[in-house]
file structure.txt (compact mmCIF, C-alpha atoms and all ligand atoms)
# COMPACT_ATOMS: atom_id res chain seq x y z
CA MET A 25 -12.46 -13.12 -19.76
CA ALA A 26 -10.14 -10.68 -18.02
CA ARG A 27 -7.02 -12.10 -16.45
CA ILE A 28 -6.84 -11.91 -12.65
CA LEU A 29 -3.52 -10.61 -11.34
CA ASP A 30 -3.01 -12.80 -8.31
CA GLY A 31 -1.69 -10.72 -5.40
CA ALA A 32 -1.42 -13.78 -3.16
CA ALA A 33 0.96 -15.64 -5.50
CA ILE A 34 3.07 -12.54 -6.19
CA SER A 35 3.33 -11.59 -2.53
CA ALA A 36 4.28 -15.19 -1.63
CA ALA A 37 7.07 -15.11 -4.23
CA ILE A 38 8.42 -11.81 -2.88
CA LYS A 39 8.26 -13.07 0.72
CA GLN A 40 10.15 -16.20 -0.32
CA GLU A 41 12.90 -14.04 -1.86
CA VAL A 42 13.03 -11.87 1.26
CA ALA A 43 13.28 -14.96 3.52
CA GLU A 44 16.24 -16.17 1.44
CA GLU A 45 17.97 -12.80 1.81
CA VAL A 46 17.35 -12.89 5.57
CA LYS A 47 19.04 -16.30 5.72
CA LEU A 48 21.99 -15.00 3.74
CA LEU A 49 22.34 -11.99 6.06
CA ALA A 50 22.20 -14.34 9.07
CA THR A 51 25.37 -16.03 7.83
CA ARG A 52 27.05 -12.62 8.26
CA GLY A 53 25.57 -12.16 11.74
CA ILE A 54 22.94 -9.64 10.60
CA ARG A 55 19.25 -9.91 11.51
CA PRO A 56 17.02 -7.18 10.01
CA GLY A 57 14.66 -5.64 12.57
CA LEU A 58 11.38 -3.75 12.34
CA ALA A 59 9.77 -1.61 15.04
CA ALA A 60 6.00 -1.36 14.65
CA VAL A 61 4.34 1.46 16.58
CA LEU A 62 0.61 1.03 17.11
CA VAL A 63 -1.14 3.83 19.00
CA GLY A 64 -4.51 3.30 20.69
CA ASN A 65 -7.23 0.81 19.79
CA VAL A 66 -8.22 1.33 16.12
CA ALA A 67 -9.47 -2.13 15.09
CA ALA A 68 -8.32 -1.96 11.44
CA SER A 69 -4.86 -0.74 12.50
CA GLN A 70 -4.57 -3.59 15.00
CA ILE A 71 -5.31 -6.11 12.24
CA TYR A 72 -2.79 -4.51 9.84
CA VAL A 73 -0.02 -4.33 12.45
CA ARG A 74 -0.65 -7.89 13.61
CA SER A 75 -0.23 -9.10 10.01
CA LYS A 76 3.01 -7.13 9.67
CA VAL A 77 4.48 -8.54 12.89
CA GLN A 78 3.40 -12.04 11.85
CA ALA A 79 5.06 -11.62 8.44
CA CYS A 80 8.30 -10.63 10.21
CA ALA A 81 8.17 -13.84 12.27
CA GLU A 82 7.52 -15.96 9.15
CA LEU A 83 10.51 -14.47 7.31
CA GLY A 84 13.00 -14.44 10.20
CA ILE A 85 12.94 -10.66 10.68
CA TYR A 86 13.18 -9.37 14.27
CA SER A 87 10.19 -7.25 15.28
CA ASP A 88 9.34 -5.09 18.25
CA LEU A 89 5.69 -4.11 18.67
CA ILE A 90 5.30 -0.91 20.67
CA THR A 91 1.78 0.10 21.73
CA PRO A 92 1.51 3.57 23.26
CA PRO A 93 -1.94 4.46 24.65
CA GLU A 94 -4.46 6.68 22.78
CA THR A 95 -3.53 9.53 25.18
CA VAL A 96 0.15 9.63 24.11
CA THR A 97 1.40 13.15 23.32
CA THR A 98 3.38 14.30 20.27
CA GLU A 99 6.38 14.93 22.53
CA GLU A 100 6.26 11.40 23.94
CA MET A 101 5.99 9.98 20.43
CA LEU A 102 8.95 12.10 19.29
CA ASP A 103 10.99 10.73 22.20
CA LEU A 104 10.00 7.19 21.21
CA VAL A 105 11.02 7.74 17.58
CA ALA A 106 14.33 9.29 18.68
CA ALA A 107 15.04 6.18 20.78
CA LEU A 108 14.17 3.87 17.86
CA ASN A 109 16.43 5.91 15.55
CA GLN A 110 19.28 5.11 17.96
CA ARG A 111 18.65 1.39 18.42
CA ASP A 112 21.05 -0.61 16.27
CA GLU A 113 18.89 -3.74 16.03
CA ILE A 114 16.09 -1.68 14.48
CA ASP A 115 16.43 -1.17 10.71
CA GLY A 116 12.89 -0.08 9.97
CA ILE A 117 10.39 2.08 11.86
CA LEU A 118 6.74 1.75 11.01
CA ILE A 119 4.24 4.16 12.58
CA GLN A 120 0.78 2.81 11.83
CA LEU A 121 -1.57 5.52 10.58
CA PRO A 122 -3.97 7.10 11.32
CA LEU A 123 -2.73 8.54 14.61
CA PRO A 124 -5.08 10.19 17.13
CA ARG A 125 -6.02 13.75 16.07
CA HIS A 126 -3.99 15.42 18.83
CA VAL A 127 -0.74 13.82 17.62
CA GLU A 128 1.11 15.77 14.90
CA THR A 129 1.54 13.07 12.26
CA LYS A 130 3.80 15.05 9.90
CA ALA A 131 6.21 16.03 12.68
CA LEU A 132 6.52 12.37 13.64
CA LEU A 133 7.04 11.06 10.13
CA ASP A 134 9.70 13.76 9.62
CA ALA A 135 11.46 12.60 12.82
CA VAL A 136 12.04 9.06 11.53
CA LEU A 137 15.60 8.63 10.30
CA PRO A 138 15.31 8.47 6.45
CA ALA A 139 17.53 5.35 6.50
CA LYS A 140 14.96 3.59 8.71
CA ASP A 141 11.88 5.00 6.94
CA VAL A 142 10.58 1.69 5.56
CA ASP A 143 7.19 3.26 4.75
CA GLY A 144 8.94 5.73 2.45
CA PHE A 145 6.95 8.68 3.84
CA HIS A 146 9.86 10.93 4.85
CA PRO A 147 10.31 13.98 2.57
CA VAL A 148 13.94 12.94 1.98
CA ASN A 149 12.81 9.60 0.57
CA ALA A 150 10.01 11.26 -1.43
CA GLY A 151 12.61 13.62 -2.90
CA ARG A 152 15.08 10.84 -3.62
CA LEU A 153 12.31 8.86 -5.34
CA GLN A 154 11.43 11.86 -7.50
CA ALA A 155 15.09 12.47 -8.34
CA GLY A 156 15.51 8.84 -9.40
CA ARG A 157 18.06 8.13 -6.62
CA PRO A 158 18.06 4.93 -4.52
CA ALA A 159 15.27 5.37 -1.98
CA LEU A 160 12.92 3.44 0.25
CA ALA A 161 9.74 3.73 -1.82
CA PRO A 162 6.26 3.61 -0.24
CA CYS A 163 5.14 -0.01 0.02
CA THR A 164 1.74 0.07 -1.73
CA PRO A 165 2.94 1.87 -4.89
CA ALA A 166 6.05 -0.33 -4.97
CA GLY A 167 3.68 -3.30 -4.82
CA VAL A 168 1.76 -1.96 -7.82
CA ILE A 169 4.95 -2.00 -9.90
CA GLU A 170 5.83 -5.53 -8.72
CA ILE A 171 2.38 -6.80 -9.76
CA LEU A 172 2.73 -5.30 -13.24
CA LYS A 173 6.30 -6.49 -13.77
CA ARG A 174 5.87 -9.98 -12.38
CA SER A 175 2.67 -10.43 -14.40
CA GLY A 176 4.51 -9.50 -17.60
CA ILE A 177 2.33 -6.42 -18.22
CA PRO A 178 4.34 -3.95 -20.31
CA ILE A 179 4.76 -0.51 -18.71
CA GLU A 180 7.18 1.24 -21.06
CA GLY A 181 5.39 3.52 -23.50
CA GLN A 182 1.97 2.68 -22.04
CA HIS A 183 -0.42 5.39 -20.95
CA ALA A 184 -0.83 4.98 -17.18
CA VAL A 185 -3.63 6.99 -15.59
CA VAL A 186 -3.47 7.27 -11.80
CA VAL A 187 -6.67 8.44 -10.11
CA GLY A 188 -5.67 9.87 -6.72
CA ARG A 189 -2.73 12.07 -5.73
CA SER A 190 -2.10 11.24 -2.09
CA ASP A 191 1.48 11.30 -0.80
CA ILE A 192 1.05 7.68 0.29
CA VAL A 193 -0.30 6.12 -2.90
CA GLY A 194 -1.18 8.27 -5.92
CA LYS A 195 1.88 10.51 -6.21
CA PRO A 196 4.54 7.84 -5.57
CA ALA A 197 2.70 5.37 -7.85
CA ALA A 198 2.77 7.97 -10.64
CA MET A 199 6.48 8.61 -10.05
CA LEU A 200 7.36 4.90 -10.09
CA LEU A 201 5.38 4.39 -13.31
CA LEU A 202 7.18 7.36 -14.86
CA HIS A 203 10.54 5.82 -13.91
CA GLN A 204 9.38 2.68 -15.74
CA ASN A 205 8.86 4.86 -18.84
CA ALA A 206 5.08 4.97 -18.81
CA THR A 207 3.36 8.13 -20.03
CA VAL A 208 1.62 9.17 -16.83
CA THR A 209 -1.51 11.22 -16.19
CA ILE A 210 -2.52 12.00 -12.59
CA CYS A 211 -6.20 12.72 -11.88
CA HIS A 212 -7.87 13.99 -8.70
CA SER A 213 -11.10 15.43 -7.37
CA LYS A 214 -10.80 18.60 -9.45
CA THR A 215 -10.14 16.77 -12.73
CA ARG A 216 -12.75 17.65 -15.37
CA ASP A 217 -14.43 14.89 -17.38
CA LEU A 218 -12.53 12.15 -15.56
CA GLY A 219 -14.02 9.37 -17.71
CA SER A 220 -12.59 10.83 -20.92
CA ILE A 221 -9.11 10.53 -19.36
CA THR A 222 -9.47 7.15 -17.66
CA ARG A 223 -10.78 5.75 -20.99
CA GLN A 224 -7.36 6.53 -22.51
CA ALA A 225 -5.54 4.40 -19.92
CA ASP A 226 -3.66 1.27 -20.90
CA ILE A 227 -2.94 0.93 -17.17
CA LEU A 228 -5.53 2.41 -14.83
CA VAL A 229 -4.55 2.78 -11.16
CA ALA A 230 -7.45 3.61 -8.84
CA ALA A 231 -6.45 5.06 -5.43
CA ILE A 232 -9.46 7.15 -4.52
CA GLY A 233 -11.03 5.78 -1.35
CA ARG A 234 -14.58 5.66 -2.81
CA PRO A 235 -16.29 2.28 -3.19
CA GLY A 236 -16.76 1.15 -6.79
CA PHE A 237 -16.07 4.65 -8.14
CA ILE A 238 -14.59 3.52 -11.48
CA THR A 239 -17.48 2.22 -13.59
CA PRO A 240 -17.34 0.12 -16.81
CA GLU A 241 -17.81 3.10 -19.15
CA MET A 242 -14.68 4.72 -17.64
CA VAL A 243 -12.46 1.84 -18.78
CA LYS A 244 -10.85 1.23 -22.19
CA PRO A 245 -11.62 -2.35 -23.27
CA GLY A 246 -8.59 -4.56 -22.60
CA ALA A 247 -6.93 -2.15 -20.15
CA THR A 248 -5.08 -3.33 -17.06
CA ILE A 249 -6.82 -2.15 -13.88
CA ILE A 250 -4.93 -1.88 -10.61
CA ASP A 251 -7.43 -1.36 -7.82
CA VAL A 252 -5.72 0.01 -4.71
CA GLY A 253 -8.95 0.84 -2.89
CA ILE A 254 -10.02 -0.91 0.30
CA ASN A 255 -13.55 0.03 1.35
CA ARG A 256 -15.53 -1.92 3.93
CA LEU A 257 -19.23 -2.38 3.20
CA THR A 258 -21.58 -3.24 6.05
CA LYS A 259 -25.03 -2.32 4.66
CA ARG A 260 -27.13 -4.78 2.70
CA GLU A 261 -28.09 -2.19 0.04
CA GLU A 262 -24.39 -1.38 -0.50
CA PHE A 263 -23.63 -5.07 -0.86
CA ASP A 264 -26.41 -5.48 -3.44
CA ARG A 265 -25.20 -2.45 -5.40
CA PHE A 266 -21.89 -4.19 -6.12
CA PHE A 267 -22.31 -7.90 -5.57
CA ALA A 268 -25.97 -8.85 -6.14
CA GLY A 269 -26.05 -12.45 -7.43
CA ASP A 270 -22.54 -13.33 -6.12
CA ALA A 271 -23.50 -16.26 -3.88
CA LYS A 272 -20.01 -16.93 -2.51
CA ARG A 273 -19.53 -13.33 -1.46
CA GLU A 274 -23.01 -13.14 -0.05
CA ALA A 275 -22.38 -16.12 2.22
CA ALA A 276 -19.20 -14.50 3.54
CA PHE A 277 -20.99 -11.15 3.96
CA LEU A 278 -23.78 -12.76 5.97
CA LYS A 279 -21.26 -14.60 8.13
CA ARG A 280 -18.94 -11.64 8.84
CA GLY A 281 -21.39 -8.76 8.53
CA SER A 282 -19.12 -6.96 6.07
CA THR A 283 -17.24 -7.28 2.82
CA ILE A 284 -14.50 -5.32 1.08
CA VAL A 285 -14.87 -3.54 -2.25
CA GLY A 286 -12.18 -1.60 -4.08
CA ASP A 287 -12.38 1.77 -5.81
CA VAL A 288 -13.40 -0.04 -9.02
CA HIS A 289 -16.91 -1.35 -9.62
CA PRO A 290 -16.75 -5.15 -10.09
CA LYS A 291 -18.57 -4.76 -13.44
CA ALA A 292 -15.67 -2.63 -14.72
CA PHE A 293 -13.36 -5.64 -14.39
CA GLU A 294 -15.40 -7.34 -17.12
CA VAL A 295 -14.20 -4.68 -19.61
CA ALA A 296 -10.55 -5.02 -18.56
CA GLY A 297 -7.83 -7.23 -20.03
CA ALA A 298 -6.35 -7.85 -16.58
CA TYR A 299 -7.11 -6.62 -13.06
CA THR A 300 -6.19 -6.93 -9.41
CA PRO A 301 -9.07 -8.30 -7.32
CA VAL A 302 -10.15 -6.86 -3.95
CA PRO A 303 -9.37 -8.54 -1.66
CA GLY A 304 -6.47 -10.63 -2.96
CA GLY A 305 -4.69 -7.98 -5.01
CA VAL A 306 -2.63 -4.92 -4.10
CA GLY A 307 -3.35 -5.16 -0.35
CA LEU A 308 -1.27 -8.31 0.02
CA LEU A 309 1.68 -6.68 -1.71
CA THR A 310 1.87 -3.86 0.82
CA ILE A 311 3.08 -6.19 3.58
CA ALA A 312 5.45 -8.07 1.27
CA MET A 313 7.04 -4.78 0.19
CA LEU A 314 7.34 -3.64 3.82
CA MET A 315 9.35 -6.79 4.50
CA ALA A 316 11.46 -6.18 1.38
CA ASN A 317 12.06 -2.55 2.44
CA THR A 318 13.14 -3.65 5.95
CA VAL A 319 15.77 -5.99 4.51
CA ARG A 320 16.82 -3.30 2.04
CA ALA A 321 17.16 -0.76 4.87
CA ALA A 322 19.24 -3.25 6.88
CA LYS A 323 21.60 -3.69 3.93
CA MET A 324 21.76 0.00 2.97
CA ARG A 325 22.54 1.05 6.56
CA ARG A 326 25.53 -1.33 6.53
CA GLY A 327 26.66 -0.30 3.06
CA LEU A 328 25.84 -3.74 1.61
N1 LIG B 401 -3.91 -1.74 -0.61
C1 LIG B 401 -3.32 -1.10 0.39
O1 LIG B 401 -2.49 -1.64 1.10
C2 LIG B 401 -3.68 0.34 0.60
C3 LIG B 401 -2.77 1.22 1.18
C4 LIG B 401 -3.13 2.55 1.30
C5 LIG B 401 -4.39 2.97 0.88
N2 LIG B 401 -5.26 2.07 0.37
C6 LIG B 401 -6.59 2.45 -0.13
O2 LIG B 401 -6.42 3.22 -1.31
C7 LIG B 401 -7.41 4.22 -1.40
C8 LIG B 401 -6.76 5.56 -1.51
O3 LIG B 401 -5.99 5.82 -0.35
P1 LIG B 401 -5.26 7.21 -0.10
O4 LIG B 401 -4.59 7.13 1.21
O5 LIG B 401 -4.47 7.55 -1.30
O6 LIG B 401 -6.56 8.18 0.00
P2 LIG B 401 -6.66 9.75 0.14
O7 LIG B 401 -5.46 10.31 0.84
O8 LIG B 401 -8.00 10.04 0.69
O9 LIG B 401 -6.61 10.28 -1.37
C9 LIG B 401 -7.66 10.05 -2.25
C10 LIG B 401 -7.38 10.68 -3.58
O10 LIG B 401 -8.50 10.43 -4.43
C11 LIG B 401 -8.90 11.65 -5.03
N3 LIG B 401 -10.34 11.70 -5.24
C12 LIG B 401 -11.31 11.72 -4.29
N4 LIG B 401 -12.53 11.82 -4.87
C13 LIG B 401 -12.31 11.89 -6.21
C14 LIG B 401 -13.15 12.03 -7.32
N5 LIG B 401 -14.48 12.15 -7.20
N6 LIG B 401 -12.59 12.04 -8.56
C15 LIG B 401 -11.27 11.94 -8.71
N7 LIG B 401 -10.40 11.83 -7.68
C16 LIG B 401 -10.92 11.80 -6.44
C17 LIG B 401 -8.49 12.75 -4.06
O11 LIG B 401 -8.36 13.96 -4.78
P3 LIG B 401 -7.91 15.36 -4.08
O12 LIG B 401 -6.44 15.25 -3.85
O13 LIG B 401 -8.27 16.38 -5.08
O14 LIG B 401 -8.70 15.44 -2.81
C18 LIG B 401 -7.18 12.20 -3.51
O15 LIG B 401 -6.08 12.59 -4.28
C19 LIG B 401 -8.28 4.01 -0.16
O16 LIG B 401 -9.37 3.17 -0.51
C20 LIG B 401 -7.39 3.29 0.81
O17 LIG B 401 -8.09 2.50 1.74
C21 LIG B 401 -4.92 0.76 0.21
call {"tool": "encode", "arguments": {"input": "structure.txt", "output": "structure tokens", "more": "lines below"}}
Ligand SMILES: NC(=O)c1ccc[n+]([C@@H]2O[C@H](COP(=O)([O-])OP(=O)(O)OC[C@H]3O[C@@H](n4cnc5c(N)ncnc54)[C@H](OP(=O)(O)O)[C@@H]3O)[C@@H](O)[C@H]2O)c1
result
Amino acid sequence: MARILDGAAISAAIKQEVAEEVKLLATRGIRPGLAAVLVGNVAASQIYVRSKVQACAELGIYSDLITPPETVTTEEMLDLVAALNQRDEIDGILIQLPLPRHVETKALLDAVLPAKDVDGFHPVNAGRLQAGRPALAPCTPAGVIEILKRSGIPIEGQHAVVVGRSDIVGKPAAMLLLHQNATVTICHSKTRDLGSITRQADILVAAIGRPGFITPEMVKPGATIIDVGINRLTKREEFDRFFAGDAKREAAFLKRGSTIVGDVHPKAFEVAGAYTPVPGGVGLLTIAMLMANTVRAAKMRRGL
């Protein structure tokens, strides 16, 4: 039986540590603050941002939720970011993606002060991460490393294969694994004979955005699988393709009308030595690491 790497327990432990740091900072008159910018009415984004604001409240972090309308222009968003860069009670600026098509996302992310870039998306932080300097690392990849370390999974000398090369997940995950002395291979949509490479992985990170893409024959028996994917299934035939016979999931699917599957086929977990479930794995770490980054930004900005 493969071991389940419990994202809920690990994220709770990290949040507990962050809450303790917040208390310690309070004794010095410092309260870390996060500004969350949520544009328009994307349902998934609203859920994510609500969870982030709620986590701030739980941990004693100040938060300011700003909700510009769908029609907001790039110029108005740039003015908003400039104002947040100036505000002293704001240590972290989170711009929930995706933004409406007419807003220039890269220009906005570049406008966030690197010291307040708690998502770690600014090119300065990407460069600092690559150069091995202290940086605010993107939350999801940072969460991947926390799961491995806190679960006692060795990284040094292991062959880590990362499928996906996005700036948000794949690339920074590969860089963080490299800094932990893994031997890293990055795969993407142009990789030839993907299975022959993923089968070499001691640690397989799937960040693809395609439901159940990694199948059992693509996994080395005993490997650790980190499934970053979050894909919502709403059709019955899709549900059956992945979860036929899973009564508990079926009940939830019938009740909610949807379920979540990762980028790894559930059958592939049976080949693994350890794996992160979806939901209940990497996703929970993303918010915990955002909280940790906000406190880190608050300290770094004050030279602590
Ligand atoms: N857990 C969390 O909190 C969290 C956070 C962020 C994202 N996610 C999830 O993680 C997944 C990836 O997100 P992302 O933002 O990195 O997605 P993305 O920007 O769409 O990148 C997907 C990557 O997968 C690669 N890819 C696509 N099809 C492939 C194929 N057939 N074979 C090999 N590689 C393939 C792409 O290759 P090319 O570069 O060649 O196109 C690309 O590099 C999504 O399911 C997303 O929902 C979860």
call {"tool": "closest_residue", "arguments": {"input": "structure.txt", "among": "A:Gly307, A:Gly297, A:Gly181, A:Gly144", "to": "ligand LIG 401 (chain B)", "atoms": "all atoms listed in the file"}}
result
A:Gly307
call {"tool": "closest_residue", "arguments": {"input": "structure.txt", "among": "A:Asn149, A:Thr310, A:Gln154, A:Thr209", "to": "A:Val73", "atoms": "all atoms listed in the file"}}
result
A:Thr310
call {"tool": "closest_atom_pairs", "arguments": {"input": "structure.txt", "of": "chain A", "to": "ligand LIG 401 (chain B)", "cutoff": "7 Å", "atoms": "only C-alpha atoms and all ligand atoms", "output": "CSV"}}
result
residue,atom,partner,partner_atom,distance
A:Thr164,CA,B:LIG401,O1,5.4
A:Val187,CA,B:LIG401,N7,5.6
A:Gly188,CA,B:LIG401,C10,3.7
A:Arg189,CA,B:LIG401,O15,3.7
A:Ser190,CA,B:LIG401,O5,4.5
A:Ile192,CA,B:LIG401,O4,5.7
A:Val193,CA,B:LIG401,O5,4.7
A:Gly194,CA,B:LIG401,O5,5.7
A:Cys211,CA,B:LIG401,N7,6.0
A:His212,CA,B:LIG401,N7,3.5
A:Ser213,CA,B:LIG401,N7,3.7
A:Lys214,CA,B:LIG401,O13,5.5
A:Thr215,CA,B:LIG401,C15,6.4
A:Leu218,CA,B:LIG401,C15,7.0
A:Ala231,CA,B:LIG401,C8,4.0
A:Ile232,CA,B:LIG401,O10,3.4
A:Gly233,CA,B:LIG401,O16,3.2
A:Arg234,CA,B:LIG401,O16,6.2
A:Val252,CA,B:LIG401,O2,4.7
A:Gly253,CA,B:LIG401,O16,3.4
A:Ile254,CA,B:LIG401,O17,4.2
A:Asn255,CA,B:LIG401,O16,5.5
A:Gly286,CA,B:LIG401,O16,6.6
A:Asp287,CA,B:LIG401,O16,6.3
A:Val306,CA,B:LIG401,N1,4.9
A:Gly307,CA,B:LIG401,N1,3.5
A:Leu308,CA,B:LIG401,O1,6.9
A:Thr310,CA,B:LIG401,O1,4.9
call {"tool": "residues_around", "arguments": {"input": "structure.txt", "residues": "A:Asp134", "least_positions_apart": "6", "cutoff": "9 Å", "atoms": "only C-alpha atoms", "output": "mmCIF file with C-alpha atoms, in the frame of the given file"}}
result
data_model
loop_
_atom_site.group_PDB
_atom_site.id
_atom_site.type_symbol
_atom_site.label_atom_id
_atom_site.label_comp_id
_atom_site.auth_asym_id
_atom_site.auth_seq_id
_atom_site.Cartn_x
_atom_site.Cartn_y
_atom_site.Cartn_z
ATOM 1 C CA PHE A 145 6.950 8.680 3.840
ATOM 2 C CA HIS A 146 9.860 10.930 4.850
ATOM 3 C CA PRO A 147 10.310 13.980 2.570
ATOM 4 C CA VAL A 148 13.940 12.940 1.980
#
call {"tool": "atom_distance", "arguments": {"input": "structure.txt", "atom1": "atom CA of A:Glu44", "atom2": "atom CA of A:Arg325"}}
result
19.0 Å
call {"tool": "atom_distance", "arguments": {"input": "structure.txt", "atom1": "atom CA of A:Ala230", "atom2": "atom CA of A:Val295"}}
result
15.2 Å
call {"tool": "residues_near_point", "arguments": {"input": "structure.txt", "point": "(-16.9, -3.2, -5.4)", "cutoff": "8 Å", "atoms": "all atoms listed in the file", "output": "PyMOL selection string"}}
result
chain A and resi 235-236+266-267+284-290+302
call {"tool": "closest_residue", "arguments": {"input": "structure.txt", "among": "A:Arg326, A:Arg273, A:Arg320, A:Arg111", "to": "A:Val142", "atoms": "all atoms listed in the file"}}
result
A:Arg320
call {"tool": "closest_residue", "arguments": {"input": "structure.txt", "among": "A:Leu153, A:Ala106, A:Ala225, A:Val208", "to": "A:Asp191", "atoms": "only C-alpha atoms"}}
result
A:Leu153
call {"tool": "closest_residue", "arguments": {"input": "structure.txt", "among": "A:Glu100, A:Glu170, A:Asp115, A:Glu94", "to": "A:Leu309", "atoms": "all atoms listed in the file"}}
result
A:Glu170
call {"tool": "closest_residue", "arguments": {"input": "structure.txt", "among": "A:Gln120, A:Gln204, A:Thr129, A:Thr248", "to": "A:Gly156", "atoms": "only C-alpha atoms"}}
result
A:Gln204
call {"tool": "residues_around", "arguments": {"input": "structure.txt", "residues": "A:Gln40", "least_positions_apart": "2", "cutoff": "12 Å", "atoms": "all atoms listed in the file", "output": "VMD selection string"}}
result
chain A and resid 33 to 38 42 to 47 79 82 to 84 312 to 313 315 to 316
call {"tool": "residues_around", "arguments": {"input": "structure.txt", "residues": "A:Pro240", "least_positions_apart": "4", "cutoff": "12 Å", "atoms": "only C-alpha atoms", "output": "list in words"}}
result
Gly219, Thr222, Arg223, Gly236, Lys244, Pro245, Gly246, Ala247, Ile249, Val288, His289, Pro290, Lys291, Ala292, Phe293, Glu294, Val295 and Ala296 of chain A
call {"tool": "atom_distance", "arguments": {"input": "structure.txt", "atom1": "atom CA of A:Asp143", "atom2": "atom CA of A:Leu160"}}
result
7.3 Å
